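Below is one structure, written out as structure tokens; the observations come after it.
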Amino acid sequence: MSTNHTKSANRAGADEPTSGALLELKKVSKIFGGLVAVQDVDLRINPGEIISVIGPNGAGKTTVFNLITGIYRPTSGEISLGGKSVVGLNPDQVLVRGIARTFQNIRLFNNMTVMENVLVGQHTQLKASVLGSLFLTKAVKREEAEARERALELLSFFGQALVDRQDEYVINLSYAERRRVEIARALAAKPSLLLLDEPTAGMNEAETLDAVKYVRRLRDELGLTILLIEHKLTVTMGISDRIAVLDYGRKIAEGLPEEVRRDERVIAAYLGKAAKTEQEAAE
Ligand SMILES: Nc1ncnc2c1ncn2[C@@H]1O[C@H](COP(=O)(O)OP(=O)(O)OP(=O)(O)O)[C@@H](O)[C@H]1O
């Protein structure tokens, strides 16, 4: 174990005071049958941070996201948001608590428009009763108008293009545009924490640069705290306040980007391979 690793591992050590974290994972494990997908993972995310989770394929990154968002229940360990446990809540309840996410494979309703997709994201915020919706009462109409206005505001975060294309079916949008709509839909739930699963996957260089800019703006302008899984090293190294590295379900390092970059275990487990893959892709 390198010195850097020891130092960075202590950063999230059990002895540190745990108050003030927005999200905290304590010794979280997930076992599928006999397979340990995530083992004793500790992670603290402070308000306003951008934290990346990296690691080789199958390291447990997506499982961590699924545990945080209530898709899976941890086999053991504790997950809390603002000091309150979210273990045992279903994904909708976790969303109401303030954790929204996007998916590795974009999950939008392709047979619905851009606007409709963002409106769906607001369902946790709407108050109208079923009866009210049935008879389109004044209150319902007002709520609907407000929801549309807010959806437009969210789309305009990404510039005018999506506002102009609000009535387009999402299937007709480019991949990068669909990613933006998916984030707008996540924002519609008014989260405090946003989980982005490979936000630049499948994007070209210009689209990736654009995505990096808006991820920063999500934090700087909207005050969101962001946890992301990202394979592109140029993105993670440039955007993250801290990086946590998983390998075979365990967190093998955590620290500032430059600390993680120098960590021998990380280089052996991931960075060597990842850097080579990026270089091969560039050639
Ligand atoms: N529902 C499941 N049932 C059984 N095994 C699972 C399940 N979900 C994940 N796993 C296993 O858990 C391990 C971690 O998978 P996970 O998808 O979290 O890795 P990852 O780091 O996100 O990988 P990638 O970078 O390829 O997306 C893998 O061995 C995977 O096969």
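Here, A, B, ... name the chains of the structure tokens in the order displayed, residue numbers run from 1 inside each chain, and ligands are numbered from 1 in the same displayed order.
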### Query
Within 6 Å of ligand 1, counting only C-alpha atoms and all ligand atoms, which protein or nucleic acid residues do you find, written as a list of chain:residue names?
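Sorted by chain and then by number, the residues are A:Phe32, A:Ala37, A:Pro56, A:Asn57, A:Gly58, A:Ala59, A:Gly60, A:Lys61, A:Thr62, A:Thr63.
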#### Entry: Neighbour list for Arg217 in chain A as a ChimeraX atom specification, cut-off 12 Å, only C-alpha atoms, skip fewer than 4 positions in-chain
/A:48,50,157-158,210-213,221-226,239
Take the residues from that selection and put them in a file with N, CA and C atoms, as a PDB file, in the first residue's frame.
ATOM      1  N   GLY A  48     -22.199  20.444  -1.790  1.00  0.00           N
ATOM      2  CA  GLY A  48     -21.492  21.246  -2.784  1.00  0.00           C
ATOM      3  C   GLY A  48     -20.291  20.566  -3.406  1.00  0.00           C
ATOM      4  N   ILE A  50     -18.256  17.754  -5.791  1.00  0.00           N
ATOM      5  CA  ILE A  50     -18.401  16.878  -6.954  1.00  0.00           C
ATOM      6  C   ILE A  50     -17.442  15.716  -6.710  1.00  0.00           C
ATOM      7  N   PHE A 157     -31.714  25.714 -18.853  1.00  0.00           N
ATOM      8  CA  PHE A 157     -30.403  25.599 -18.198  1.00  0.00           C
ATOM      9  C   PHE A 157     -29.356  25.135 -19.215  1.00  0.00           C
ATOM     10  N   PHE A 158     -29.813  24.341 -20.192  1.00  0.00           N
ATOM     11  CA  PHE A 158     -28.904  23.793 -21.211  1.00  0.00           C
ATOM     12  C   PHE A 158     -28.882  24.651 -22.480  1.00  0.00           C
ATOM     13  N   ASP A 210     -18.671  20.019 -23.245  1.00  0.00           N
ATOM     14  CA  ASP A 210     -19.911  20.712 -22.911  1.00  0.00           C
ATOM     15  C   ASP A 210     -20.528  20.106 -21.645  1.00  0.00           C
ATOM     16  N   ALA A 211     -20.502  18.758 -21.591  1.00  0.00           N
ATOM     17  CA  ALA A 211     -21.078  18.078 -20.423  1.00  0.00           C
ATOM     18  C   ALA A 211     -20.313  18.438 -19.147  1.00  0.00           C
ATOM     19  N   VAL A 212     -18.993  18.505 -19.256  1.00  0.00           N
ATOM     20  CA  VAL A 212     -18.176  18.873 -18.096  1.00  0.00           C
ATOM     21  C   VAL A 212     -18.580  20.264 -17.599  1.00  0.00           C
ATOM     22  N   LYS A 213     -18.803  21.173 -18.566  1.00  0.00           N
ATOM     23  CA  LYS A 213     -19.190  22.543 -18.193  1.00  0.00           C
ATOM     24  C   LYS A 213     -20.523  22.554 -17.459  1.00  0.00           C
ATOM     25  N   GLU A 221     -24.211  26.900 -10.021  1.00  0.00           N
ATOM     26  CA  GLU A 221     -25.385  27.769 -10.193  1.00  0.00           C
ATOM     27  C   GLU A 221     -26.620  27.234  -9.479  1.00  0.00           C
ATOM     28  N   LEU A 222     -26.776  25.903  -9.436  1.00  0.00           N
ATOM     29  CA  LEU A 222     -27.974  25.347  -8.807  1.00  0.00           C
ATOM     30  C   LEU A 222     -27.709  24.806  -7.403  1.00  0.00           C
ATOM     31  N   GLY A 223     -26.450  24.852  -6.989  1.00  0.00           N
ATOM     32  CA  GLY A 223     -26.120  24.444  -5.619  1.00  0.00           C
ATOM     33  C   GLY A 223     -26.234  22.953  -5.367  1.00  0.00           C
ATOM     34  N   LEU A 224     -26.178  22.152  -6.438  1.00  0.00           N
ATOM     35  CA  LEU A 224     -26.321  20.711  -6.241  1.00  0.00           C
ATOM     36  C   LEU A 224     -25.016  20.071  -5.785  1.00  0.00           C
ATOM     37  N   THR A 225     -25.156  18.974  -5.087  1.00  0.00           N
ATOM     38  CA  THR A 225     -24.028  18.120  -4.754  1.00  0.00           C
ATOM     39  C   THR A 225     -24.073  16.974  -5.755  1.00  0.00           C
ATOM     40  N   ILE A 226     -22.896  16.589  -6.272  1.00  0.00           N
ATOM     41  CA  ILE A 226     -22.910  15.642  -7.388  1.00  0.00           C
ATOM     42  C   ILE A 226     -21.985  14.453  -7.155  1.00  0.00           C
ATOM     43  N   ILE A 239     -12.726  17.398 -13.119  1.00  0.00           N
ATOM     44  CA  ILE A 239     -13.984  17.910 -12.574  1.00  0.00           C
ATOM     45  C   ILE A 239     -14.162  17.639 -11.078  1.00  0.00           C
TER      46      ILE A 239
END
### Neighbour list for Thr69 in chain A as a PyMOL selection string, cut-off 7 Å, only C-alpha atoms, skip fewer than 4 positions in-chain
chain A and resi 65+91+94+99
### Query
Using only C-alpha atoms, which residues sit within 12 Å of range 21-27 of chain A once same-chain residues fewer than 6 positions away are excluded, as number ranges by chain?
A: 12-15, 38-51, 64-65, 67-69, 74-87, 97-99, 191-195, 224-227, 249-251
Could you write out the selected residues, including C-alpha atoms, as a PDB file, in the first residue's frame?
ATOM      1  CA  ALA A  12     -12.820   8.875   5.044  1.00  0.00           C
ATOM      2  CA  GLY A  13     -11.774   6.930   8.110  1.00  0.00           C
ATOM      3  CA  ALA A  14     -14.117   5.841  10.876  1.00  0.00           C
ATOM      4  CA  ASP A  15     -12.528   8.244  13.363  1.00  0.00           C
ATOM      5  CA  VAL A  38     -19.790  -4.153  -2.766  1.00  0.00           C
ATOM      6  CA  GLN A  39     -17.829  -4.666   0.439  1.00  0.00           C
ATOM      7  CA  ASP A  40     -17.565  -2.405   3.496  1.00  0.00           C
ATOM      8  CA  VAL A  41     -17.647   0.806   1.476  1.00  0.00           C
ATOM      9  CA  ASP A  42     -17.410   4.070   3.411  1.00  0.00           C
ATOM     10  CA  LEU A  43     -18.112   7.303   1.570  1.00  0.00           C
ATOM     11  CA  ARG A  44     -18.831  10.837   2.724  1.00  0.00           C
ATOM     12  CA  ILE A  45     -20.054  13.549   0.427  1.00  0.00           C
ATOM     13  CA  ASN A  46     -20.186  17.072   1.740  1.00  0.00           C
ATOM     14  CA  PRO A  47     -22.674  19.637   0.443  1.00  0.00           C
ATOM     15  CA  GLY A  48     -21.492  21.246  -2.784  1.00  0.00           C
ATOM     16  CA  GLU A  49     -18.878  18.625  -3.629  1.00  0.00           C
ATOM     17  CA  ILE A  50     -18.401  16.878  -6.954  1.00  0.00           C
ATOM     18  CA  ILE A  51     -17.217  13.355  -6.213  1.00  0.00           C
ATOM     19  CA  VAL A  64     -23.333   1.582  -5.161  1.00  0.00           C
ATOM     20  CA  PHE A  65     -25.664   3.905  -7.109  1.00  0.00           C
ATOM     21  CA  LEU A  67     -27.934   0.988  -3.174  1.00  0.00           C
ATOM     22  CA  ILE A  68     -28.051   4.747  -2.622  1.00  0.00           C
ATOM     23  CA  THR A  69     -31.211   5.155  -4.714  1.00  0.00           C
ATOM     24  CA  PRO A  74     -27.658  -3.157   1.418  1.00  0.00           C
ATOM     25  CA  THR A  75     -26.867  -6.605   2.833  1.00  0.00           C
ATOM     26  CA  SER A  76     -25.260  -4.645   5.670  1.00  0.00           C
ATOM     27  CA  GLY A  77     -24.187  -1.113   6.452  1.00  0.00           C
ATOM     28  CA  GLU A  78     -25.863   2.274   6.661  1.00  0.00           C
ATOM     29  CA  ILE A  79     -26.698   4.941   4.093  1.00  0.00           C
ATOM     30  CA  SER A  80     -27.923   8.326   5.236  1.00  0.00           C
ATOM     31  CA  LEU A  81     -28.869  11.609   3.636  1.00  0.00           C
ATOM     32  CA  GLY A  82     -28.572  14.678   5.843  1.00  0.00           C
ATOM     33  CA  GLY A  83     -28.087  12.388   8.833  1.00  0.00           C
ATOM     34  CA  LYS A  84     -31.295  10.386   8.185  1.00  0.00           C
ATOM     35  CA  SER A  85     -31.191   6.773   7.049  1.00  0.00           C
ATOM     36  CA  VAL A  86     -32.549   6.014   3.584  1.00  0.00           C
ATOM     37  CA  VAL A  87     -32.111   2.255   3.923  1.00  0.00           C
ATOM     38  CA  ARG A  97     -35.883  12.792   0.147  1.00  0.00           C
ATOM     39  CA  GLY A  98     -33.741  14.565  -2.455  1.00  0.00           C
ATOM     40  CA  ILE A  99     -31.610  12.040  -4.365  1.00  0.00           C
ATOM     41  CA  PRO A 191     -32.962  17.092  -5.582  1.00  0.00           C
ATOM     42  CA  SER A 192     -30.136  18.139  -3.289  1.00  0.00           C
ATOM     43  CA  LEU A 193     -27.939  15.287  -4.523  1.00  0.00           C
ATOM     44  CA  LEU A 194     -27.605  14.274  -8.150  1.00  0.00           C
ATOM     45  CA  LEU A 195     -26.133  10.930  -9.180  1.00  0.00           C
ATOM     46  CA  LEU A 224     -26.321  20.711  -6.241  1.00  0.00           C
ATOM     47  CA  THR A 225     -24.028  18.120  -4.754  1.00  0.00           C
ATOM     48  CA  ILE A 226     -22.910  15.642  -7.388  1.00  0.00           C
ATOM     49  CA  LEU A 227     -21.748  12.041  -7.337  1.00  0.00           C
ATOM     50  CA  GLY A 249     -16.314  -4.116  -4.549  1.00  0.00           C
ATOM     51  CA  ARG A 250     -13.864  -2.537  -2.116  1.00  0.00           C
ATOM     52  CA  LYS A 251     -12.811   1.084  -1.902  1.00  0.00           C
TER      53      LYS A 251
END
### Task
List every residue of range 96-231 of chain A that DSSP, applied to the backbone, labels as alpha helix (DSSP H), and write the result as a count of residues only.
67
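Nearest residue to Ala189 in chain A, choosing from A:Ile267, A:Ile54, A:Ala151, A:Val260 and counting only C-alpha atoms: A:Ala151.
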### Close residues, Ala201 in chain A itself excluded, 9 Å, only C-alpha atoms, min 2 positions apart in chain, as number ranges by chain
A: 104-105, 197-199, 203-204, 208, 230-232
All residues 10 Å or closer to Glu258 in chain A, only C-alpha atoms, same chain fewer than 6 positions away omitted, as a compact mmCIF listing (two decimals) with N, CA and C atoms, in the first residue's frame:
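Below you can see selection.txt, which holds the result:
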# COMPACT_ATOMS: atom_id res chain seq x y z
N ASN A 4 0.48 7.41 -0.21
CA ASN A 4 -0.68 8.21 -0.65
C ASN A 4 -1.98 7.51 -0.33
N MET A 237 -10.55 13.57 -13.66
CA MET A 237 -9.43 14.29 -13.06
C MET A 237 -9.68 15.80 -13.07
N GLY A 238 -10.39 16.26 -14.07
CA GLY A 238 -10.60 17.70 -14.20
C GLY A 238 -11.77 18.24 -13.40
N ARG A 242 -13.01 15.23 -5.18
CA ARG A 242 -12.36 14.01 -4.68
C ARG A 242 -12.78 12.86 -5.57
N ILE A 243 -11.96 11.81 -5.54
CA ILE A 243 -12.27 10.61 -6.32
C ILE A 243 -12.19 9.40 -5.39
### Query
Tell me, which residues of range 6-93 of chain A carry DSSP strand (DSSP E), written as a VMD selection string?
chain A and resid 23 to 32 35 to 45 50 to 54 76 to 81 84 to 85
